[in-house]
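K.L.:
Here you go, this is structure07.cif (mmCIF, C-alpha atoms, pLDDT in the B column; chains and numbers go by the auth columns).
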```
data_model
loop_
_atom_site.group_PDB
_atom_site.id
_atom_site.type_symbol
_atom_site.label_atom_id
_atom_site.label_comp_id
_atom_site.label_asym_id
_atom_site.label_seq_id
_atom_site.Cartn_x
_atom_site.Cartn_y
_atom_site.Cartn_z
_atom_site.B_iso_or_equiv
_atom_site.auth_seq_id
_atom_site.auth_asym_id
ATOM 1 C CA MET A 1 56.092 77.421 106.541 42.00 30 U
ATOM 2 C CA ILE A 2 58.166 80.553 106.897 43.00 31 U
ATOM 3 C CA ALA A 3 60.446 81.132 103.937 43.00 32 U
ATOM 4 C CA GLU A 4 63.973 81.868 105.029 54.00 33 U
ATOM 5 C CA ALA A 5 67.108 82.547 103.078 56.00 34 U
ATOM 6 C CA ALA A 6 69.341 79.532 103.578 69.00 35 U
ATOM 7 C CA LEU A 7 72.373 81.044 101.879 69.00 36 U
ATOM 8 C CA PRO A 8 73.499 83.296 104.763 77.00 37 U
ATOM 9 C CA ALA A 9 73.298 80.446 107.267 76.00 38 U
ATOM 10 C CA LEU A 10 75.233 78.075 105.016 82.00 39 U
ATOM 11 C CA ALA A 11 77.753 80.620 103.710 82.00 40 U
ATOM 12 C CA ALA A 12 79.713 80.677 106.955 82.00 41 U
ATOM 13 C CA TRP A 13 80.232 76.921 106.648 86.00 42 U
ATOM 14 C CA ALA A 14 81.347 76.872 103.001 83.00 43 U
ATOM 15 C CA ASN A 15 85.083 76.403 103.655 85.00 44 U
ATOM 16 C CA PHE A 16 84.425 73.755 106.292 88.00 45 U
ATOM 17 C CA TYR A 17 82.319 71.651 103.945 84.00 46 U
ATOM 18 C CA VAL A 18 84.730 72.085 101.039 87.00 47 U
ATOM 19 C CA MET A 19 87.495 70.759 103.292 88.00 48 U
ATOM 20 C CA VAL A 20 85.432 67.888 104.733 90.00 49 U
ATOM 21 C CA GLY A 21 83.984 66.931 101.343 85.00 50 U
ATOM 22 C CA SER A 22 87.360 67.005 99.619 88.00 51 U
ATOM 23 C CA SER A 23 88.920 64.918 102.374 89.00 52 U
ATOM 24 C CA ALA A 24 86.080 62.413 102.246 86.00 53 U
ATOM 25 C CA ALA A 25 86.351 62.067 98.469 85.00 54 U
ATOM 26 C CA ALA A 26 90.131 61.604 98.565 85.00 55 U
ATOM 27 C CA LEU A 27 89.965 59.071 101.396 83.00 56 U
ATOM 28 C CA THR A 28 87.242 57.115 99.579 79.00 57 U
ATOM 29 C CA GLY A 29 89.553 56.854 96.575 79.00 58 U
ATOM 30 C CA LEU A 30 92.412 55.668 98.759 78.00 59 U
ATOM 31 C CA MET A 31 90.217 52.939 100.254 76.00 60 U
ATOM 32 C CA PHE A 32 89.515 51.655 96.735 72.00 61 U
ATOM 33 C CA VAL A 33 93.250 51.566 96.002 72.00 62 U
ATOM 34 C CA VAL A 34 94.052 49.759 99.253 68.00 63 U
ATOM 35 C CA ILE A 35 91.350 47.136 98.822 67.00 64 U
ATOM 36 C CA THR A 36 92.440 46.566 95.226 66.00 65 U
ATOM 37 C CA LEU A 37 96.074 46.110 96.264 61.00 66 U
ATOM 38 C CA VAL A 38 95.372 43.681 99.083 60.00 67 U
ATOM 39 C CA THR A 39 92.637 41.666 97.402 58.00 68 U
ATOM 40 C CA ASP A 40 93.800 38.157 96.670 54.00 69 U
ATOM 41 C CA SER A 41 91.880 35.847 94.352 41.00 70 U
ATOM 42 C CA GLU A 42 92.289 33.036 96.904 41.00 71 U
ATOM 43 C CA ARG A 43 90.371 34.863 99.635 49.00 72 U
ATOM 44 C CA GLU A 44 87.667 32.804 101.278 46.00 73 U
ATOM 45 C CA ARG A 45 84.075 33.736 102.124 44.00 74 U
ATOM 46 C CA ARG A 46 85.123 34.897 105.574 45.00 75 U
ATOM 47 C CA SER A 47 87.328 37.519 103.936 55.00 76 U
ATOM 48 C CA ARG A 48 84.311 38.842 102.024 59.00 77 U
ATOM 49 C CA ASP A 49 82.388 38.920 105.289 58.00 78 U
ATOM 50 C CA GLY A 50 85.256 40.875 106.826 59.00 79 U
ATOM 51 C CA ILE A 51 85.274 43.337 103.937 62.00 80 U
ATOM 52 C CA SER A 52 81.492 43.745 104.198 66.00 81 U
ATOM 53 C CA THR A 53 81.741 44.271 107.950 71.00 82 U
ATOM 54 C CA PHE A 54 84.826 46.458 108.207 79.00 83 U
ATOM 55 C CA SER A 55 85.951 47.959 104.879 77.00 84 U
ATOM 56 C CA THR A 56 82.648 48.694 103.153 85.00 85 U
ATOM 57 C CA PRO A 57 81.241 50.644 106.128 90.00 86 U
ATOM 58 C CA THR A 58 84.439 52.699 106.202 89.00 87 U
ATOM 59 C CA VAL A 59 83.861 53.703 102.578 88.00 88 U
ATOM 60 C CA MET A 60 80.238 54.427 103.511 92.00 89 U
ATOM 61 C CA HIS A 61 81.388 56.793 106.283 93.00 90 U
ATOM 62 C CA PHE A 62 83.551 58.741 103.844 90.00 91 U
ATOM 63 C CA CYS A 63 80.705 58.860 101.325 90.00 92 U
ATOM 64 C CA ALA A 64 78.255 60.014 103.999 94.00 93 U
ATOM 65 C CA ALA A 65 80.613 62.843 105.002 93.00 94 U
ATOM 66 C CA LEU A 66 80.885 63.760 101.317 91.00 95 U
ATOM 67 C CA PHE A 67 77.077 63.645 101.004 94.00 96 U
ATOM 68 C CA VAL A 68 76.566 65.948 104.006 95.00 97 U
ATOM 69 C CA SER A 69 79.182 68.321 102.619 92.00 98 U
ATOM 70 C CA ALA A 70 77.671 68.343 99.137 91.00 99 U
ATOM 71 C CA VAL A 71 74.130 68.887 100.394 94.00 100 U
ATOM 72 C CA LEU A 72 75.161 71.756 102.651 93.00 101 U
ATOM 73 C CA SER A 73 77.296 73.340 99.929 90.00 102 U
ATOM 74 C CA ALA A 74 74.387 73.636 97.503 88.00 103 U
ATOM 75 C CA PRO A 75 72.716 77.065 97.134 88.00 104 U
ATOM 76 C CA TRP A 76 69.456 76.245 98.921 89.00 105 U
ATOM 77 C CA HIS A 77 66.734 78.869 99.279 89.00 106 U
ATOM 78 C CA LEU A 78 65.004 77.068 102.161 93.00 107 U
ATOM 79 C CA LEU A 79 66.670 74.995 104.856 94.00 108 U
ATOM 80 C CA ILE A 80 63.838 72.463 104.835 96.00 109 U
ATOM 81 C CA HIS A 81 65.117 70.939 101.581 96.00 110 U
ATOM 82 C CA PRO A 82 68.615 70.007 102.802 97.00 111 U
ATOM 83 C CA ALA A 83 67.051 69.026 106.132 98.00 112 U
ATOM 84 C CA ILE A 84 64.861 66.437 104.413 98.00 113 U
ATOM 85 C CA LEU A 85 67.756 65.012 102.384 98.00 114 U
ATOM 86 C CA LEU A 86 70.058 64.833 105.400 98.00 115 U
ATOM 87 C CA ALA A 87 67.366 63.335 107.643 98.00 116 U
ATOM 88 C CA LEU A 88 66.713 60.606 105.068 98.00 117 U
ATOM 89 C CA GLY A 89 70.433 59.957 104.725 98.00 118 U
ATOM 90 C CA GLY A 90 70.884 59.894 108.500 98.00 119 U
ATOM 91 C CA ALA A 91 67.955 57.523 109.008 98.00 120 U
ATOM 92 C CA TYR A 92 69.212 55.177 106.288 98.00 121 U
ATOM 93 C CA SER A 93 72.693 55.220 107.808 97.00 122 U
ATOM 94 C CA ILE A 94 71.398 54.395 111.286 98.00 123 U
ATOM 95 C CA VAL A 95 69.601 51.345 109.858 98.00 124 U
ATOM 96 C CA TYR A 96 72.776 50.430 107.960 96.00 125 U
ATOM 97 C CA ILE A 97 74.863 50.550 111.156 97.00 126 U
ATOM 98 C CA VAL A 98 72.346 48.317 112.936 96.00 127 U
ATOM 99 C CA ARG A 99 72.812 45.837 110.068 94.00 128 U
ATOM 100 C CA ILE A 100 76.594 46.081 110.541 93.00 129 U
ATOM 101 C CA MET A 101 76.127 45.351 114.257 92.00 130 U
ATOM 102 C CA LEU A 102 74.181 42.203 113.396 91.00 131 U
ATOM 103 C CA ARG A 103 76.741 41.167 110.777 89.00 132 U
ATOM 104 C CA THR A 104 79.578 41.698 113.269 87.00 133 U
ATOM 105 C CA ARG A 105 77.887 39.351 115.746 88.00 134 U
ATOM 106 C CA ARG A 106 77.658 36.624 113.078 86.00 135 U
ATOM 107 C CA LEU A 107 81.268 36.752 111.850 81.00 136 U
ATOM 108 C CA ASP A 108 83.008 33.405 111.460 78.00 137 U
ATOM 109 C CA GLY A 109 86.747 33.219 111.951 74.00 138 U
ATOM 110 C CA TYR A 110 87.058 36.535 113.771 77.00 139 U
ATOM 111 C CA THR A 111 85.544 37.735 117.023 82.00 140 U
ATOM 112 C CA ALA A 112 85.237 41.490 117.291 84.00 141 U
ATOM 113 C CA ASP A 113 86.745 42.898 120.467 87.00 142 U
ATOM 114 C CA LEU A 114 85.546 45.938 122.434 93.00 143 U
ATOM 115 C CA GLU A 115 87.657 48.311 120.319 92.00 144 U
ATOM 116 C CA ASP A 116 86.086 46.941 117.124 90.00 145 U
ATOM 117 C CA TRP A 117 82.593 47.350 118.544 93.00 146 U
ATOM 118 C CA VAL A 118 83.296 50.931 119.610 94.00 147 U
ATOM 119 C CA TRP A 119 84.909 52.093 116.348 95.00 148 U
ATOM 120 C CA TYR A 120 82.927 50.099 113.802 93.00 149 U
ATOM 121 C CA THR A 121 79.446 50.310 115.321 95.00 150 U
ATOM 122 C CA VAL A 122 79.001 52.578 118.356 97.00 151 U
ATOM 123 C CA MET A 123 80.891 55.640 117.101 97.00 152 U
ATOM 124 C CA PRO A 124 79.298 55.544 113.621 98.00 153 U
ATOM 125 C CA PHE A 125 75.878 55.131 115.251 98.00 154 U
ATOM 126 C CA VAL A 126 76.576 58.280 117.294 98.00 155 U
ATOM 127 C CA ALA A 127 77.802 60.159 114.202 98.00 156 U
ATOM 128 C CA TYR A 128 74.770 59.218 112.107 98.00 157 U
ATOM 129 C CA GLY A 129 72.441 59.937 115.013 98.00 158 U
ATOM 130 C CA THR A 130 74.014 63.376 115.313 98.00 159 U
ATOM 131 C CA ILE A 131 73.525 63.981 111.591 98.00 160 U
ATOM 132 C CA PHE A 132 69.914 62.828 111.807 98.00 161 U
ATOM 133 C CA ALA A 133 69.212 65.070 114.816 98.00 162 U
ATOM 134 C CA GLY A 134 71.010 67.999 113.184 98.00 163 U
ATOM 135 C CA ALA A 135 68.945 67.527 110.040 98.00 164 U
ATOM 136 C CA LEU A 136 65.702 67.589 112.021 98.00 165 U
ATOM 137 C CA ALA A 137 66.813 70.755 113.821 98.00 166 U
ATOM 138 C CA LEU A 138 68.132 72.541 110.710 96.00 167 U
ATOM 139 C CA PRO A 139 64.953 74.468 109.800 96.00 168 U
ATOM 140 C CA ILE A 140 64.224 75.328 113.452 95.00 169 U
ATOM 141 C CA ILE A 141 67.603 76.220 114.979 96.00 170 U
ATOM 142 C CA PRO A 142 70.028 76.404 112.055 94.00 171 U
ATOM 143 C CA VAL A 143 73.075 77.683 113.945 92.00 172 U
ATOM 144 C CA ASP A 144 73.089 74.798 116.432 96.00 173 U
ATOM 145 C CA ALA A 145 72.029 72.296 113.771 96.00 174 U
ATOM 146 C CA LEU A 146 74.925 73.259 111.508 95.00 175 U
ATOM 147 C CA PHE A 147 77.347 72.608 114.366 96.00 176 U
ATOM 148 C CA ALA A 148 75.755 69.187 114.927 97.00 177 U
ATOM 149 C CA LEU A 149 75.885 68.345 111.225 97.00 178 U
ATOM 150 C CA GLY A 150 79.498 69.498 111.006 95.00 179 U
ATOM 151 C CA ALA A 151 80.423 67.456 114.073 97.00 180 U
ATOM 152 C CA GLY A 152 78.737 64.352 112.653 97.00 181 U
ATOM 153 C CA ALA A 153 80.477 64.685 109.291 95.00 182 U
ATOM 154 C CA LEU A 154 83.868 65.352 110.887 94.00 183 U
ATOM 155 C CA LEU A 155 83.398 62.427 113.275 97.00 184 U
ATOM 156 C CA LEU A 156 82.748 60.173 110.272 96.00 185 U
ATOM 157 C CA ILE A 157 86.028 61.331 108.694 93.00 186 U
ATOM 158 C CA PHE A 158 87.982 60.552 111.870 93.00 187 U
ATOM 159 C CA ILE A 159 86.224 57.191 112.295 95.00 188 U
ATOM 160 C CA GLY A 160 87.005 56.396 108.666 91.00 189 U
ATOM 161 C CA ILE A 161 90.670 57.337 109.022 90.00 190 U
ATOM 162 C CA ARG A 162 91.059 55.247 112.162 91.00 191 U
ATOM 163 C CA ASN A 163 89.172 52.288 110.711 89.00 192 U
ATOM 164 C CA SER A 164 91.082 52.472 107.413 85.00 193 U
ATOM 165 C CA TRP A 165 94.326 52.259 109.338 85.00 194 U
ATOM 166 C CA ASP A 166 92.964 49.343 111.356 84.00 195 U
ATOM 167 C CA VAL A 167 91.911 47.439 108.226 80.00 196 U
ATOM 168 C CA VAL A 168 95.179 48.136 106.401 79.00 197 U
ATOM 169 C CA THR A 169 97.349 47.045 109.327 81.00 198 U
ATOM 170 C CA PHE A 170 95.216 43.940 109.871 78.00 199 U
ATOM 171 C CA LEU A 171 95.467 42.980 106.199 73.00 200 U
ATOM 172 C CA ALA A 172 99.201 43.728 106.096 74.00 201 U
ATOM 173 C CA ILE A 173 99.803 41.520 109.125 78.00 202 U
ATOM 174 C CA GLU A 174 97.594 38.809 107.614 72.00 203 U
ATOM 175 C CA VAL A 175 99.486 38.931 104.288 63.00 204 U
ATOM 176 C CA VAL A 176 102.892 38.916 106.030 63.00 205 U
ATOM 177 C CA GLY A 177 101.761 36.050 108.261 66.00 206 U
ATOM 178 C CA LYS A 178 100.456 34.082 105.274 65.00 207 U
ATOM 179 C CA ALA A 179 103.743 34.653 103.426 59.00 208 U
ATOM 180 C CA ALA A 180 105.765 33.532 106.452 61.00 209 U
ATOM 181 C CA ARG A 181 103.663 30.366 106.845 64.00 210 U
ATOM 182 C CA SER A 182 104.029 29.645 103.135 62.00 211 U
ATOM 183 C CA SER A 183 107.803 30.134 103.366 61.00 212 U
ATOM 184 C CA GLU A 184 107.982 27.778 106.369 65.00 213 U
ATOM 185 C CA ASN A 185 105.964 25.164 104.464 64.00 214 U
ATOM 186 C CA ASP A 186 108.276 25.505 101.452 60.00 215 U
ATOM 187 C CA LYS A 187 111.380 25.035 103.629 62.00 216 U
ATOM 188 C CA SER A 188 109.934 22.029 105.419 62.00 217 U
ATOM 189 C CA GLY A 189 108.846 20.435 102.176 60.00 218 U
ATOM 190 C CA GLY A 190 105.169 20.507 103.062 55.00 219 U
#
```
For this file, write the structure as structure tokens.
P.N.:
Amino acid sequence: MIAEAALPALAAWANFYVMVGSSAAALTGLMFVVITLVTDSERERRSRDGISTFSTPTVMHFCAALFVSAVLSAPWHLLIHPAILLALGGAYSIVYIVRIMLRTRRLDGYTADLEDWVWYTVMPFVAYGTIFAGALALPIIPVDALFALGAGALLLIFIGIRNSWDVVTFLAIEVVGKAARSSENDKSGG
């Protein structure tokens, strides 16, 4: 193996990964706050399935973007080391998304529409595949690989933002609808 200095290749990306990593960390924290605020002790099993299918993967996307950013911000001497870590992370994440696809198919009480399939499974699969491919290419063609890794991490941030909004609006509508039904039942005496 040819020893190369990884620092010059990664130095040009330092600000990008600080920005992406910081955003991912902040958005992960916000997801915890949102889930805590909307969690109701009366939620049924289907709600847990919904959280496992829609909210947990969104947190995973933010954490994966943070992971990519942290790995590529470290002062590596050889690009093979971050390549191995990122390839393992990418491979794990691809398997995870396949599990989410299977879980989405088995949901009770909610049928995912085309938009859900695209944003919760297809787009993350593409992002993680891009990260995996970028990781494999990192020691061979670092300039192109760093663009692929950056694109994958940034795509995960945008997917996470969009999916967070989708989950929050869905839960807000569900809570408002539940409150309206409860109010109607109270007025009708039932």
K.L.:
On this structure, which residues satisfy the PyMOL selection byres ((chain U and resi 115) around 8), written as a list in words?
P.N.:
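Output from the PyMOL selection byres ((chain U and resi 115) around 8), applied to this file: Val97, Val100, Pro111, Ala112, Ile113, Leu114, Ala116, Leu117, Gly118, Gly119, Ile160, Phe161 and Ala164 of chain U.
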K.L.:
Would you translate the PyMOL selection byres ((chain U and resi 48) around 12) into the concrete set of residues it matches in this file, as a list in words?
P.N.:
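With the PyMOL selection byres ((chain U and resi 48) around 12) on this model, the match is Trp42, Ala43, Asn44, Phe45, Tyr46, Val47, Val49, Gly50, Ser51, Ser52, Ala53, Ala54, Ala55, Ala94, Leu95, Val97, Ser98, Ala99, Ser102, Gly179, Ala182, Leu183 and Ile186 of chain U.
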K.L.:
For this structure, which residues satisfy the selection - the PyMOL selection byres ((chain U and resi 153) around 9) - when it is evaluated on the file as given? I want them as an NGL selection string.
P.N.:
:U and (90 or 122-123 or 126 or 147-152 or 154-158 or 181 or 184-185 or 188)
K.L.:
Could you dump the residues just selected with C-alpha atoms as a JSON list (two decimals), in the frame of the given file?
P.N.:
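Written file, out-v9.json:
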```
[["chain", "number", "residue", "atom", "x", "y", "z"],
["U", 90, "HIS", "CA", 81.39, 56.79, 106.28],
["U", 122, "SER", "CA", 72.69, 55.22, 107.81],
["U", 123, "ILE", "CA", 71.40, 54.40, 111.29],
["U", 126, "ILE", "CA", 74.86, 50.55, 111.16],
["U", 147, "VAL", "CA", 83.30, 50.93, 119.61],
["U", 148, "TRP", "CA", 84.91, 52.09, 116.35],
["U", 149, "TYR", "CA", 82.93, 50.10, 113.80],
["U", 150, "THR", "CA", 79.45, 50.31, 115.32],
["U", 151, "VAL", "CA", 79.00, 52.58, 118.36],
["U", 152, "MET", "CA", 80.89, 55.64, 117.10],
["U", 154, "PHE", "CA", 75.88, 55.13, 115.25],
["U", 155, "VAL", "CA", 76.58, 58.28, 117.29],
["U", 156, "ALA", "CA", 77.80, 60.16, 114.20],
["U", 157, "TYR", "CA", 74.77, 59.22, 112.11],
["U", 158, "GLY", "CA", 72.44, 59.94, 115.01],
["U", 181, "GLY", "CA", 78.74, 64.35, 112.65],
["U", 184, "LEU", "CA", 83.40, 62.43, 113.28],
["U", 185, "LEU", "CA", 82.75, 60.17, 110.27],
["U", 188, "ILE", "CA", 86.22, 57.19, 112.30]]
```
K.L.:
Place a sphere of radius 9 Å on (72.4, 83.5, 111.8) in the file coordinates and name every protein, DNA or RNA residue with an atom inside or on its surface, counting all atoms listed in the file; give the answer as a PyMOL selection string.
P.N.:
chain U and resi 37-38+171-172
K.L.:
Just how far from atom CA of U:Phe187 is atom CA of U:Pro168, in Å to one decimal?
P.N.:
27.0 Å
K.L.:
Tell me, in Å to one decimal, how far atom CA of U:Asp145 is from atom CA of U:Val88.
P.N.:
16.2 Å
K.L.:
Return the single residue from U:Ile190, U:Tyr121, U:Ile109, U:Val127 that is closest to U:Ile170, with distances computed using all atoms listed in the file.
P.N.:
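For U:Ile170, the nearest of the given residues is U:Ile109.
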K.L.:
What is the distance, in Å and to one decimal place, between atom CA of U:Phe91 and atom CA of U:Thr140?
P.N.:
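These atoms are spaced 24.9 Å apart.
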